[in-house]
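Coordinates as given in data26.txt (compact mmCIF, C-alpha atoms):
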```txt
# COMPACT_ATOMS: atom_id res chain seq x y z
CA MET N 1463 122.74 117.76 111.44
CA PRO N 1464 124.27 114.33 110.78
CA LYS N 1465 122.53 111.23 112.04
CA SER N 1466 124.17 109.50 114.95
CA PHE N 1467 124.61 105.76 114.64
CA HIS N 1468 125.22 103.86 117.82
CA ARG N 1469 127.81 101.14 117.90
CA THR N 1470 125.13 98.59 118.75
CA ASP N 1471 123.29 99.47 115.54
CA ARG N 1472 126.42 99.05 113.43
CA VAL N 1473 127.33 95.75 115.11
CA ALA N 1474 123.75 94.47 114.72
CA ALA N 1475 123.82 95.31 111.00
CA GLN N 1476 127.12 93.50 110.53
CA LEU N 1477 125.84 90.53 112.55
CA ARG N 1478 122.73 90.36 110.36
CA ARG N 1479 124.85 90.23 107.20
CA GLU N 1480 127.27 87.59 108.52
CA LEU N 1481 124.57 85.48 110.18
CA GLY N 1482 122.53 85.47 106.99
CA THR N 1483 125.31 83.57 105.25
CA LEU N 1484 126.21 81.36 108.21
CA VAL N 1485 122.61 80.36 108.92
CA HIS N 1486 121.98 79.62 105.24
CA ASP N 1487 125.05 77.36 105.15
CA ALA N 1488 124.14 75.64 108.44
CA VAL N 1489 120.58 74.96 107.28
CA ARG N 1490 121.80 73.53 103.98
CA GLU N 1491 124.38 71.26 105.67
CA THR N 1492 122.03 69.87 108.33
CA GLY N 1493 118.84 69.53 106.29
CA LEU N 1494 116.79 71.87 108.48
CA PRO N 1495 113.84 73.73 106.95
CA SER N 1496 114.94 76.79 105.02
CA VAL N 1497 115.11 79.98 107.09
CA SER N 1498 116.53 83.45 106.65
CA VAL N 1499 117.69 86.03 109.16
CA SER N 1500 115.21 88.91 109.27
CA ASP N 1501 116.61 90.99 112.13
CA VAL N 1502 119.19 91.09 114.89
CA GLU N 1503 118.76 92.98 118.16
CA ILE N 1504 121.85 93.33 120.30
CA SER N 1505 122.09 94.28 123.97
CA ARG N 1506 123.81 97.51 124.93
CA ASP N 1507 126.77 95.65 126.40
CA LEU N 1508 127.11 93.58 123.19
CA ALA N 1509 126.92 90.36 125.22
CA HIS N 1510 123.66 88.96 123.80
CA ALA N 1511 122.06 89.04 120.38
CA LYS N 1512 118.47 88.08 119.56
CA VAL N 1513 118.47 86.65 116.05
CA PHE N 1514 115.04 86.68 114.42
CA VAL N 1515 114.50 84.21 111.59
CA THR N 1516 111.65 83.64 109.15
CA ALA N 1517 110.83 80.30 107.57
CA LEU N 1518 109.68 79.54 104.05
CA MET N 1519 107.44 76.86 105.55
CA PRO N 1520 105.87 78.41 108.68
CA GLU N 1521 104.51 75.04 109.77
CA ARG N 1522 108.10 73.79 110.22
CA SER N 1523 109.42 76.97 111.85
CA GLU N 1524 109.55 75.44 115.33
CA GLU N 1525 111.76 72.62 114.06
CA ALA N 1526 114.08 75.11 112.36
CA VAL N 1527 114.43 77.34 115.44
CA LYS N 1528 115.14 74.32 117.68
CA GLY N 1529 117.85 73.20 115.26
CA LEU N 1530 119.42 76.65 115.16
CA ARG N 1531 119.37 76.88 118.95
CA ALA N 1532 121.18 73.54 119.10
CA MET N 1533 123.81 74.82 116.64
CA ALA N 1534 124.13 78.28 118.25
CA ARG N 1535 127.55 77.55 119.71
CA GLU N 1536 129.02 76.38 116.39
CA ILE N 1537 127.48 79.32 114.54
CA ARG N 1538 128.92 81.69 117.16
CA MET N 1539 132.41 80.21 116.67
CA GLU N 1540 132.11 80.69 112.88
CA LEU N 1541 130.91 84.23 113.52
CA ALA N 1542 133.99 84.90 115.66
CA ARG N 1543 136.20 83.88 112.73
CA ALA N 1544 134.28 86.12 110.31
CA MET N 1545 134.05 89.27 112.47
CA LYS N 1546 136.64 91.39 114.18
CA LEU N 1547 135.08 91.76 117.60
CA ARG N 1548 136.78 91.32 120.94
CA HIS N 1549 133.74 89.43 122.26
CA VAL N 1550 131.15 87.83 120.00
CA PRO N 1551 127.68 88.03 121.54
CA GLU N 1552 125.80 84.94 122.67
CA LEU N 1553 123.18 84.07 120.05
CA HIS N 1554 119.51 83.56 120.94
CA PHE N 1555 117.36 82.41 118.01
CA HIS N 1556 113.68 83.42 117.80
CA TYR N 1557 111.03 82.96 115.15
CA ASP N 1558 109.82 86.21 113.55
CA PRO N 1559 106.09 85.91 112.76
CA SER N 1560 105.86 89.34 111.10
CA LEU N 1561 105.86 87.91 107.56
CA ASP N 1562 103.10 85.47 108.53
CA HIS N 1563 101.05 88.31 109.98
CA GLY N 1564 101.64 90.43 106.89
CA GLU N 1565 100.58 87.60 104.60
CA ARG N 1566 97.44 87.02 106.68
CA ILE N 1567 96.52 90.71 106.49
CA TYR N 1568 97.18 90.74 102.74
CA ASN N 1569 94.91 87.72 102.24
CA LEU N 1570 92.17 89.32 104.34
CA LEU N 1571 92.35 92.54 102.33
CA ARG N 1572 92.49 90.65 99.05
CA ASP N 1573 89.36 88.69 99.94
CA LEU N 1574 87.49 91.74 101.21
CA PRO N 1575 85.79 92.67 97.86
CA GLU N 1576 84.48 89.12 97.61
CA LEU N 1577 82.83 89.49 100.98
CA GLN N 1578 81.19 92.77 100.02
CA GLY N 1579 79.75 91.15 96.89
CA ASP N 1580 77.26 93.30 94.96
CA GLN N 1581 77.58 96.50 96.95
CA PRO N 1582 78.13 99.55 94.74
CA ALA N 1583 81.48 101.26 94.79
CA ALA N 1584 81.82 104.21 97.14
CA ASP N 1585 81.06 107.62 95.61
CA ASP N 1586 84.29 109.60 95.36
CA GLY N 1587 82.59 112.94 94.82
CA ALA N 1588 82.92 112.93 91.01
CA GLU N 1589 79.93 114.11 89.01
CA ASP N 1590 77.88 111.58 87.09
CA GLU N 1591 78.41 112.01 83.33
CA GLU N 1592 74.82 111.06 82.51
CA ASN N 1593 73.28 113.58 84.89
CA PRO N 1594 75.55 116.65 85.13
CA SER N 1595 72.86 118.67 86.99
CA ARG N 1596 73.61 116.93 90.33
```
Rewritten as structure tokens:
Amino acid sequence: MPKSFHRTDRVAAQLRRELGTLVHDAVRETGLPSVSVSDVEISRDLAHAKVFVTALMPERSEEAVKGLRAMAREIRMELARAMKLRHVPELHFHYDPSLDHGERIYNLLRDLPELQGDQPAADDGAEDEENPSR
């Protein structure tokens, strides 16, 4: 049975591609902190789009999102020129903290053996070579 793809999914994917380029250009021209588009969620009526961005410098993410929100109208007009849609959705920029959370979890897991220190490794059920009678 073939997968069904809703129009909103296809439009969101196209928006993500186009916005990736437009946001990159806008950030470069205005001197905002570097961000990239991580996801786009679009409403069922295609009137609104939540654009999630991640920042290379998380400490400056608020500044970047504020700048993008201020430029949302101009970015939307550029998007209208790039896409063939009757109505281009209104853009709402949000910071996506998922990469920050993933990095935090990675660092916690990476540091975990250091916390355990001298504890022996868990026995995986393999027989000891020195004492095969176990």
Between N:Glu1552, N:Glu1521, N:Asp1471, N:Glu1540, single out the one closest to Thr1483 of chain N, counting only C-alpha atoms.
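That would be N:Glu1540, the residue with the smallest distance to Thr1483 of chain N.
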Expressed in Å to a single decimal, how great is the separation between atom CA of Gly1493 of chain N and atom CA of Glu1524 of chain N?
14.2 Å
Taking 4 positions as the minimum chain separation for residues in the same chain, which residues sit within 10 Å of Ala1475 of chain N when counting only C-alpha atoms? Answer as a CSV table (one decimal) with C-alpha atoms, in the frame of the given file.
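After the write, out29.csv holds the following:
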```csv
chain,number,residue,atom,x,y,z
N,1469,ARG,CA,127.8,101.1,117.9
N,1470,THR,CA,125.1,98.6,118.8
N,1471,ASP,CA,123.3,99.5,115.5
N,1479,ARG,CA,124.8,90.2,107.2
N,1480,GLU,CA,127.3,87.6,108.5
N,1481,LEU,CA,124.6,85.5,110.2
N,1501,ASP,CA,116.6,91.0,112.1
N,1502,VAL,CA,119.2,91.1,114.9
N,1503,GLU,CA,118.8,93.0,118.2
N,1504,ILE,CA,121.8,93.3,120.3
```
Can you pull out the residues contacting Phe1514 of chain N? Cut-off 8 Å, using all atoms listed in the file, and skip same-chain residues under 4 positions away; I want them as a ChimeraX atom specification.
/N:1499-1502,1555-1558
I need the residue nearest Leu1518 of chain N from this list: N:Gln1476, N:Asn1569, N:Ser1498, N:Ser1505. Use all atoms listed in the file for the distance.
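Among the listed residues, the smallest separation from Leu1518 of chain N belongs to N:Ser1498.
Restricting the calculation to all atoms listed in the file, the smallest distance between Gly1529 of chain N and any of N:Gly1564, N:Pro1495, N:Pro1575, N:Pro1559 is found for N:Pro1495.
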